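Quick notes on the structure that follows.
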Amino acid sequence: MSAIKKVVLAYSGGLDTSVILKWLQDQYQCEVVTFTADIGQGEEVEPARAKALKMGIKPENIYIEDLREEFVRDFVFPMFRANALYEGEYLLGTSIARPLIGKRLIEIARKTRADAISHGATGKGNDQVRFELTAYALMPGVKVIAPWREWDLLSREKLLAYADKHGIPVDFKKRKGGGAPYSMDANLLHISYEGGVLEDPNYAPDDKMWRLTVSPEKAPNKPQIVELTYAAGDIVAIDGKPLSPAQVLTTLNGIGGRHGIGRLDKVENRYVGMKSRGCYETPGGTIMLAGHRAIESITLDREVQALKDDLMPRYARMIYNGYWFAPERVLLQGLIDASQATVNGKVRLKLYKGTIMCVGRESATDSLFDPQISTFDDDRGAYNQADAAGFIKLNALRLRIAANAKAKRAAKSRGSAKPAVKSAGNSTSSKKASSTTKSGLGKRAKAVSEPH
């Protein structure tokens with residue numbers, strides 16, 4: 001680490017990364033390049049430029065980029081083609097943003113000829129893994145500086161004291177202990193809430209915490225129908241209006257938020273081994289998932305759909321654990337994307353007080369729903385119902401064989417049973433009774449073993 005001359009820092013301009021910036025300058029005596037990404041977090045990113053300049057960063061070493069379209073097009077949309085849910089619930093809003101930020105860190109490191117990157121993720125969380133797995137996959141020899149694993153500034157008081165000592169500007173609310181009593185991470189896909197009062201998994205968060213969605217109880221009393229148009233598995237229009245990927249997600253966030261769609265309170269398993277409680281708002285993503293499953297229901301072959309569903313949990317774990325650029329995720333993505341060639345058409349969803357119901361789906365070019373075959377009315381010979389008998393018998397063959405084998409074992413067990421004490425009565429009558437019993441059992445066993 002002593003050879004580090006230049007480091008690229010993922011810089012938000014907040015307290016933590018501002019302290020990290022100064023700490024890197026002091027601890028490593030190196031040149032610092034800052035990178036601030038706009039991925040739809042809803043906050044102005046330009047103030048980070050002024051803060052970086054004030055802390056001695058050269059103007060040419062300050063990178064501020066709008067990555068919203070790339071984020072949705074190249075990361076969110078591919079993930080939703082897989083219907084990915086971590087542990088059956090979480091839509092991976094934080095997880096999917098990290099590989100994009102990590103990728104740009106490495107690209108800037110190459111451009112500026114830096115030999116290290118740095119981030120503000122703690123040593124307890126998943127983000128450190130996601131950033132660093134991305135970095136090593138794209139630049140194997142890069143050095144990583146993770147201050148939270150090195151320094152002793154492990155409390156808000158110590159961070160504030162360091163900021164005061166070095167003249168780092170601190171938000172007034174931070175200094176007075178005000179603001180939210182939890183940490184937040186936001187991007188165009190979601191907002192997450194963790195830590196602070198939420199560390200008690202039995203604590204019910206105040207309704208004022210939620211920022212993207214209204215409470216379902218306060219949502220409009222009238223439902224809204226939204227129509228989504230799909231091309232190769234991606235939404236390309238809403239209510240007939242063509243939109244870019246980022247515009248799609250922004251629009252659906254607004255619609256879903258008004259109807260109380262997309263809240264989640266979850267205790268999850270972090271990759272580093274501990275359980276963690278998080279609250280999430282993903283209004284647009286929740287609508288996207290419902291719509292995508294609906295259009296797939298009429299355009300995907302049954303076994304293709306089943307295979308995707310089998311692979312989805314593993315795919316979701318890859319993203320959650322930081323393996324976006326791993327060969328297995330890339331390989332699996334190719335399979336998923338190939339399945340989406342026929343996922344074209346329109347879906348109508350009804351949104352009402354936190355709920356989503358599909359009320360229509362159609363595909364003029366790729367629907368596998370054949371009403372002539374599916375109808376309960378006269379299908380004019382399109383489907384021969386008599387064929388079902390053979391189909392059922394063949395599929396029941398192993399069940400019948402198993403049932404017959406079970407019956408034979410039971411018969412044999414009963415037939416070989418001997419009384420513990422011999423009867424003191426007439427021996428001749430006892431032998432006749434025994435013979436009758438065995439004969440009866442044999443007949444019953446034979447009858448059961450004959451298939452009908």
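The chains in the structure tokens are called A, B, ... from first to last as shown; in each chain the residues are counted from 1, and the ligands are counted from 1 in the order shown.
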For this session: Just the residues within 10 Å of Met318 of chain A, please, counting only C-alpha atoms, with nothing from its chain fewer than 4 positions along; format it as an MDAnalysis selection string.
Result: chainID A and resid 86 95 312:314 322:326 328:329
For this session: Quick one: everything within 9 Å of Asn187 of chain A, counting only C-alpha atoms, minus sequence neighbours fewer than 6 positions away in the same chain. Send it as a list in words.
Result: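 The neighbour list is Asp38, Ile39, Gly40, Gln41, Gly42, Arg68, Gly93, Thr94 and Ala97 of chain A.
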Please write the residues from the selection above to a file, keeping N, CA, C and O atoms, as a compact mmCIF listing (two decimals), in the first residue's frame.
# COMPACT_ATOMS: atom_id res chain seq x y z
N ASP A 38 -24.63 9.91 -10.46
CA ASP A 38 -26.06 10.18 -10.35
C ASP A 38 -26.78 8.97 -10.91
O ASP A 38 -26.83 8.76 -12.12
N ILE A 39 -27.33 8.15 -10.01
CA ILE A 39 -28.11 6.98 -10.43
C ILE A 39 -29.56 7.12 -9.98
O ILE A 39 -30.26 6.15 -9.73
N GLY A 40 -29.97 8.39 -9.85
CA GLY A 40 -31.37 8.66 -9.51
C GLY A 40 -31.65 8.67 -8.03
O GLY A 40 -32.76 8.38 -7.60
N GLN A 41 -30.64 9.06 -7.22
CA GLN A 41 -30.84 9.08 -5.77
C GLN A 41 -31.71 10.23 -5.30
O GLN A 41 -32.08 10.30 -4.12
N GLY A 42 -32.05 11.13 -6.20
CA GLY A 42 -32.97 12.21 -5.84
C GLY A 42 -32.32 13.37 -5.13
O GLY A 42 -33.01 14.26 -4.63
N ARG A 68 -28.04 7.39 -15.03
CA ARG A 68 -29.38 6.86 -14.85
C ARG A 68 -29.82 5.94 -15.99
O ARG A 68 -30.37 4.86 -15.75
N GLY A 93 -32.51 -3.61 -4.97
CA GLY A 93 -32.28 -2.23 -5.39
C GLY A 93 -30.88 -1.72 -5.11
O GLY A 93 -30.27 -1.06 -5.96
N THR A 94 -30.34 -1.97 -3.92
CA THR A 94 -28.97 -1.56 -3.61
C THR A 94 -27.96 -2.45 -4.33
O THR A 94 -26.98 -1.97 -4.90
N ALA A 97 -27.01 -1.68 -8.02
CA ALA A 97 -26.33 -0.41 -8.30
C ALA A 97 -24.82 -0.52 -8.11
O ALA A 97 -24.05 0.21 -8.74
For this session: Tell me which of A:Arg348, A:Arg73, A:Lys353, A:Lys124 sits closest to Asp239 of chain A, counting only C-alpha atoms.
Result: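 Checking each of A:Arg348, A:Arg73, A:Lys353, A:Lys124 against Asp239 of chain A, counting only C-alpha atoms, the winner is A:Arg348.
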For this session: Would you work out the distance separating atom CA of Ile108 of chain A from atom CA of Phe35 of chain A, expressed in Å to one decimal?
Result: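 Distance reported for this atom pair: 8.1 Å.
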Exercise. Taking the backbone alone, and naming residues the way the document does, which bits of segment 215-341 of chain A are strand (DSSP E) by DSSP, as a count of residues only?
Worked result: 29
For this session: Determine, counting only C-alpha atoms, which protein, DNA and RNA residues have an atom within 9 Å of an atom of segment 1-14 of chain A; residues of the same chain fewer than 3 positions away are not included. Present the result as a ChimeraX atom specification.
Result: /A:17-21,24,28-37,45,47-49,51-52,61,101-102,105-106,108-109,112-120,143-145,170-171
Counting only C-alpha atoms, which residues of segment 327-360 of chain A sit at most 10 Å from some atom of segment 273-291 of chain A, and what is each one's closest atom pair with its distance in Å to one decimal, listed by chain and rising residue number, as CSV?
residue,atom,partner,partner_atom,distance
A:Lys346,CA,A:Gly291,CA,8.8
A:Val347,CA,A:Gly291,CA,6.2
A:Arg348,CA,A:Gly291,CA,7.8
A:Leu349,CA,A:Gly291,CA,7.1
A:Lys350,CA,A:Ile287,CA,9.9
A:Leu351,CA,A:Ile287,CA,8.8
A:Gly354,CA,A:Pro283,CA,9.4
A:Thr355,CA,A:Ile287,CA,9.6
A:Ile356,CA,A:Ile287,CA,7.4
A:Met357,CA,A:Ala290,CA,8.2
A:Cys358,CA,A:Gly291,CA,7.5
For this session: Just the residues within 12 Å of Leu243 of chain A, please, counting only C-alpha atoms, with nothing from its chain fewer than 6 positions along; format it as JSON, numbers by chain.
Result: {"A": [69, 73, 228, 229, 230, 234, 235, 236, 237, 249, 250, 251, 252]}
Problem set entry | Point-to-point distance in Å for atom CA of Arg98 of chain A and atom CA of Ala137 of chain A | 13.4 Å
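Distance check against Glu296 of chain A using only C-alpha atoms: of A:Gln333, A:Leu154, A:Arg81, A:Val142, the minimum falls on A:Arg81.
Between atom CA of Lys58 of chain A and atom CA of Gln25 of chain A lies a distance of 13.0 Å.
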For this session: Tell me, as a ChimeraX atom specification, which residues lie within 12 Å of Ile96 of chain A, counting only C-alpha atoms; anything in the same chain fewer than 2 positions away does not count.
Result: /A:39,70-80,84-86,90-94,98-103,126-127,130-131,134,186-190,315-325
Closest pair table for segment 331-388 of chain A residues within 8 Å of segment 298-309 of chain A, only C-alpha atoms, as JSON lines:
{"residue": "A:Ile336", "atom": "CA", "partner": "A:Lys308", "partner_atom": "CA", "distance": 7.2}
{"residue": "A:Ser339", "atom": "CA", "partner": "A:Val304", "partner_atom": "CA", "distance": 7.4}
{"residue": "A:Thr342", "atom": "CA", "partner": "A:Thr299", "partner_atom": "CA", "distance": 6.1}
{"residue": "A:Val343", "atom": "CA", "partner": "A:Thr299", "partner_atom": "CA", "distance": 5.6}
{"residue": "A:Asn344", "atom": "CA", "partner": "A:Thr299", "partner_atom": "CA", "distance": 7.5}
{"residue": "A:Arg361", "atom": "CA", "partner": "A:Ile298", "partner_atom": "CA", "distance": 7.8}
{"residue": "A:Glu362", "atom": "CA", "partner": "A:Ile298", "partner_atom": "CA", "distance": 7.6}
{"residue": "A:Ser363", "atom": "CA", "partner": "A:Thr299", "partner_atom": "CA", "distance": 7.4}
{"residue": "A:Asp366", "atom": "CA", "partner": "A:Thr299", "partner_atom": "CA", "distance": 5.6}
{"residue": "A:Ser367", "atom": "CA", "partner": "A:Thr299", "partner_atom": "CA", "distance": 4.8}
{"residue": "A:Leu368", "atom": "CA", "partner": "A:Ile298", "partner_atom": "CA", "distance": 5.5}
{"residue": "A:Phe369", "atom": "CA", "partner": "A:Ile298", "partner_atom": "CA", "distance": 5.8}
Export of the given selection (N, CA and C atoms) as a short mmCIF file (atom, residue, chain, number, x, y, z; two decimals), in the first residue's frame:
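Below you can see part-v7.cif, which holds the result:
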data_model
loop_
_atom_site.label_atom_id
_atom_site.label_comp_id
_atom_site.auth_asym_id
_atom_site.auth_seq_id
_atom_site.Cartn_x
_atom_site.Cartn_y
_atom_site.Cartn_z
N ILE A 336 -31.10 -16.35 -20.04
CA ILE A 336 -32.29 -15.56 -19.72
C ILE A 336 -32.66 -14.66 -20.89
N SER A 339 -34.30 -16.34 -23.76
CA SER A 339 -35.70 -16.70 -23.51
C SER A 339 -36.66 -15.55 -23.77
N THR A 342 -39.30 -13.89 -27.41
CA THR A 342 -40.74 -13.94 -27.69
C THR A 342 -41.58 -13.18 -26.67
N VAL A 343 -40.93 -12.53 -25.72
CA VAL A 343 -41.70 -11.83 -24.67
C VAL A 343 -42.05 -10.44 -25.18
N ASN A 344 -43.05 -10.41 -26.02
CA ASN A 344 -43.52 -9.18 -26.67
C ASN A 344 -45.02 -9.08 -26.52
N ARG A 361 -53.72 -9.33 -20.69
CA ARG A 361 -52.42 -9.50 -21.34
C ARG A 361 -52.65 -10.02 -22.75
N GLU A 362 -51.83 -9.55 -23.70
CA GLU A 362 -51.98 -9.96 -25.10
C GLU A 362 -50.65 -9.86 -25.82
N SER A 363 -50.47 -10.73 -26.81
CA SER A 363 -49.31 -10.67 -27.68
C SER A 363 -49.76 -11.04 -29.09
N ASP A 366 -46.64 -13.45 -30.46
CA ASP A 366 -45.95 -14.54 -29.77
C ASP A 366 -46.78 -15.25 -28.71
N SER A 367 -48.08 -15.04 -28.68
CA SER A 367 -48.90 -15.69 -27.66
C SER A 367 -48.98 -17.19 -27.90
N LEU A 368 -48.80 -17.97 -26.85
CA LEU A 368 -48.95 -19.42 -26.91
C LEU A 368 -50.32 -19.85 -26.38
N PHE A 369 -51.15 -18.89 -26.05
CA PHE A 369 -52.49 -19.19 -25.58
C PHE A 369 -53.39 -19.39 -26.80
#
Problem set entry | For Arg211 of chain A: contacts at 9 Å, only C-alpha atoms, fewer than 2 positions along chain excluded, given as number ranges by chain | A: 191, 208-209, 213-214, 257, 281
Those same residues - N, CA and C atoms - I'd like them written as a PDB file, in the first residue's frame.
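Contents of result.pdb, as written:
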ATOM      1  N   ILE A 191     -35.437   2.962  -2.430  1.00  0.00           N
ATOM      2  CA  ILE A 191     -34.785   3.533  -1.256  1.00  0.00           C
ATOM      3  C   ILE A 191     -34.745   2.430  -0.198  1.00  0.00           C
ATOM      4  N   LYS A 208     -43.894   8.148   8.686  1.00  0.00           N
ATOM      5  CA  LYS A 208     -43.204   9.291   8.094  1.00  0.00           C
ATOM      6  C   LYS A 208     -41.873   8.892   7.469  1.00  0.00           C
ATOM      7  N   MET A 209     -41.379   7.688   7.776  1.00  0.00           N
ATOM      8  CA  MET A 209     -40.104   7.246   7.211  1.00  0.00           C
ATOM      9  C   MET A 209     -40.172   7.098   5.698  1.00  0.00           C
ATOM     10  N   THR A 213     -43.557   6.320  -1.308  1.00  0.00           N
ATOM     11  CA  THR A 213     -44.911   5.776  -1.372  1.00  0.00           C
ATOM     12  C   THR A 213     -45.802   6.354  -0.278  1.00  0.00           C
ATOM     13  N   VAL A 214     -47.062   6.513  -0.615  1.00  0.00           N
ATOM     14  CA  VAL A 214     -48.045   6.859   0.410  1.00  0.00           C
ATOM     15  C   VAL A 214     -48.466   5.572   1.109  1.00  0.00           C
ATOM     16  N   GLY A 257     -45.982   4.889  -6.420  1.00  0.00           N
ATOM     17  CA  GLY A 257     -45.911   5.607  -5.155  1.00  0.00           C
ATOM     18  C   GLY A 257     -47.251   6.189  -4.739  1.00  0.00           C
ATOM     19  N   GLU A 281     -38.454   0.564  -0.308  1.00  0.00           N
ATOM     20  CA  GLU A 281     -39.522   1.080  -1.162  1.00  0.00           C
ATOM     21  C   GLU A 281     -39.101   0.889  -2.616  1.00  0.00           C
TER      22      GLU A 281
END
For this session: List every residue of segment 236-300 of chain A that DSSP, applied to the backbone of this structure, places in helix (DSSP H, G or I), and write the result as a ChimeraX atom specification.
Result: /A:245-258,283-299
Go ahead and save the residues from that selection, with N, CA and C atoms, as a PDB file, in the first residue's frame.
ATOM      1  N   PRO A 245     -35.464   3.662 -20.962  1.00  0.00           N
ATOM      2  CA  PRO A 245     -35.453   2.849 -19.735  1.00  0.00           C
ATOM      3  C   PRO A 245     -35.567   3.667 -18.453  1.00  0.00           C
ATOM      4  N   ALA A 246     -34.781   4.725 -18.311  1.00  0.00           N
ATOM      5  CA  ALA A 246     -34.850   5.536 -17.094  1.00  0.00           C
ATOM      6  C   ALA A 246     -36.197   6.229 -16.970  1.00  0.00           C
ATOM      7  N   GLN A 247     -36.774   6.657 -18.089  1.00  0.00           N
ATOM      8  CA  GLN A 247     -38.092   7.290 -18.054  1.00  0.00           C
ATOM      9  C   GLN A 247     -39.168   6.291 -17.637  1.00  0.00           C
ATOM     10  N   VAL A 248     -39.027   5.039 -18.086  1.00  0.00           N
ATOM     11  CA  VAL A 248     -39.971   3.995 -17.681  1.00  0.00           C
ATOM     12  C   VAL A 248     -39.988   3.851 -16.170  1.00  0.00           C
ATOM     13  N   LEU A 249     -38.808   3.704 -15.570  1.00  0.00           N
ATOM     14  CA  LEU A 249     -38.740   3.479 -14.132  1.00  0.00           C
ATOM     15  C   LEU A 249     -39.187   4.717 -13.354  1.00  0.00           C
ATOM     16  N   THR A 250     -38.806   5.895 -13.826  1.00  0.00           N
ATOM     17  CA  THR A 250     -39.233   7.132 -13.168  1.00  0.00           C
ATOM     18  C   THR A 250     -40.754   7.262 -13.184  1.00  0.00           C
ATOM     19  N   THR A 251     -41.359   6.977 -14.326  1.00  0.00           N
ATOM     20  CA  THR A 251     -42.822   7.077 -14.461  1.00  0.00           C
ATOM     21  C   THR A 251     -43.525   6.066 -13.554  1.00  0.00           C
ATOM     22  N   LEU A 252     -43.043   4.835 -13.547  1.00  0.00           N
ATOM     23  CA  LEU A 252     -43.675   3.806 -12.723  1.00  0.00           C
ATOM     24  C   LEU A 252     -43.481   4.071 -11.235  1.00  0.00           C
ATOM     25  N   ASN A 253     -42.352   4.683 -10.857  1.00  0.00           N
ATOM     26  CA  ASN A 253     -42.163   5.077  -9.454  1.00  0.00           C
ATOM     27  C   ASN A 253     -43.248   6.054  -9.023  1.00  0.00           C
ATOM     28  N   GLY A 254     -43.536   7.029  -9.889  1.00  0.00           N
ATOM     29  CA  GLY A 254     -44.567   8.006  -9.559  1.00  0.00           C
ATOM     30  C   GLY A 254     -45.940   7.385  -9.453  1.00  0.00           C
ATOM     31  N   ILE A 255     -46.277   6.530 -10.418  1.00  0.00           N
ATOM     32  CA  ILE A 255     -47.594   5.882 -10.408  1.00  0.00           C
ATOM     33  C   ILE A 255     -47.725   4.950  -9.207  1.00  0.00           C
ATOM     34  N   GLY A 256     -46.733   4.102  -9.000  1.00  0.00           N
ATOM     35  CA  GLY A 256     -46.789   3.156  -7.897  1.00  0.00           C
ATOM     36  C   GLY A 256     -46.773   3.833  -6.542  1.00  0.00           C
ATOM     37  N   GLY A 257     -45.982   4.889  -6.420  1.00  0.00           N
ATOM     38  CA  GLY A 257     -45.911   5.607  -5.155  1.00  0.00           C
ATOM     39  C   GLY A 257     -47.251   6.189  -4.739  1.00  0.00           C
ATOM     40  N   ARG A 258     -47.998   6.703  -5.712  1.00  0.00           N
ATOM     41  CA  ARG A 258     -49.314   7.293  -5.415  1.00  0.00           C
ATOM     42  C   ARG A 258     -50.300   6.251  -4.908  1.00  0.00           C
ATOM     43  N   PRO A 283     -41.482   1.042  -5.682  1.00  0.00           N
ATOM     44  CA  PRO A 283     -42.796   1.083  -6.347  1.00  0.00           C
ATOM     45  C   PRO A 283     -42.750   0.699  -7.817  1.00  0.00           C
ATOM     46  N   GLY A 284     -41.836   1.325  -8.582  1.00  0.00           N
ATOM     47  CA  GLY A 284     -41.752   1.017 -10.004  1.00  0.00           C
ATOM     48  C   GLY A 284     -41.320  -0.416 -10.253  1.00  0.00           C
ATOM     49  N   GLY A 285     -40.347  -0.891  -9.501  1.00  0.00           N
ATOM     50  CA  GLY A 285     -39.868  -2.250  -9.675  1.00  0.00           C
ATOM     51  C   GLY A 285     -40.927  -3.296  -9.363  1.00  0.00           C
ATOM     52  N   THR A 286     -41.759  -3.027  -8.371  1.00  0.00           N
ATOM     53  CA  THR A 286     -42.826  -3.966  -8.021  1.00  0.00           C
ATOM     54  C   THR A 286     -43.829  -4.086  -9.166  1.00  0.00           C
ATOM     55  N   ILE A 287     -44.131  -2.977  -9.802  1.00  0.00           N
ATOM     56  CA  ILE A 287     -45.022  -2.993 -10.971  1.00  0.00           C
ATOM     57  C   ILE A 287     -44.357  -3.737 -12.125  1.00  0.00           C
ATOM     58  N   MET A 288     -43.063  -3.477 -12.330  1.00  0.00           N
ATOM     59  CA  MET A 288     -42.334  -4.141 -13.417  1.00  0.00           C
ATOM     60  C   MET A 288     -42.342  -5.657 -13.261  1.00  0.00           C
ATOM     61  N   LEU A 289     -42.146  -6.125 -12.042  1.00  0.00           N
ATOM     62  CA  LEU A 289     -42.122  -7.567 -11.807  1.00  0.00           C
ATOM     63  C   LEU A 289     -43.485  -8.189 -12.119  1.00  0.00           C
ATOM     64  N   ALA A 290     -44.554  -7.567 -11.647  1.00  0.00           N
ATOM     65  CA  ALA A 290     -45.903  -8.096 -11.890  1.00  0.00           C
ATOM     66  C   ALA A 290     -46.217  -8.113 -13.381  1.00  0.00           C
ATOM     67  N   GLY A 291     -45.848  -7.050 -14.072  1.00  0.00           N
ATOM     68  CA  GLY A 291     -46.115  -6.987 -15.501  1.00  0.00           C
ATOM     69  C   GLY A 291     -45.323  -8.007 -16.295  1.00  0.00           C
ATOM     70  N   HIS A 292     -44.065  -8.177 -15.925  1.00  0.00           N
ATOM     71  CA  HIS A 292     -43.213  -9.103 -16.665  1.00  0.00           C
ATOM     72  C   HIS A 292     -43.679 -10.545 -16.500  1.00  0.00           C
ATOM     73  N   ARG A 293     -44.071 -10.901 -15.299  1.00  0.00           N
ATOM     74  CA  ARG A 293     -44.579 -12.254 -15.090  1.00  0.00           C
ATOM     75  C   ARG A 293     -45.873 -12.468 -15.896  1.00  0.00           C
ATOM     76  N   ALA A 294     -46.658 -11.421 -16.014  1.00  0.00           N
ATOM     77  CA  ALA A 294     -47.926 -11.548 -16.748  1.00  0.00           C
ATOM     78  C   ALA A 294     -47.685 -11.763 -18.246  1.00  0.00           C
ATOM     79  N   ILE A 295     -46.753 -10.999 -18.830  1.00  0.00           N
ATOM     80  CA  ILE A 295     -46.521 -11.153 -20.272  1.00  0.00           C
ATOM     81  C   ILE A 295     -45.814 -12.477 -20.552  1.00  0.00           C
ATOM     82  N   GLU A 296     -44.956 -12.935 -19.620  1.00  0.00           N
ATOM     83  CA  GLU A 296     -44.310 -14.233 -19.801  1.00  0.00           C
ATOM     84  C   GLU A 296     -45.323 -15.377 -19.736  1.00  0.00           C
ATOM     85  N   SER A 297     -46.399 -15.177 -18.995  1.00  0.00           N
ATOM     86  CA  SER A 297     -47.369 -16.262 -18.811  1.00  0.00           C
ATOM     87  C   SER A 297     -48.013 -16.700 -20.121  1.00  0.00           C
ATOM     88  N   ILE A 298     -48.063 -15.816 -21.130  1.00  0.00           N
ATOM     89  CA  ILE A 298     -48.669 -16.205 -22.408  1.00  0.00           C
ATOM     90  C   ILE A 298     -47.639 -16.344 -23.535  1.00  0.00           C
ATOM     91  N   THR A 299     -46.385 -15.978 -23.277  1.00  0.00           N
ATOM     92  CA  THR A 299     -45.393 -16.016 -24.361  1.00  0.00           C
ATOM     93  C   THR A 299     -44.258 -17.003 -24.138  1.00  0.00           C
TER      94      THR A 299
END
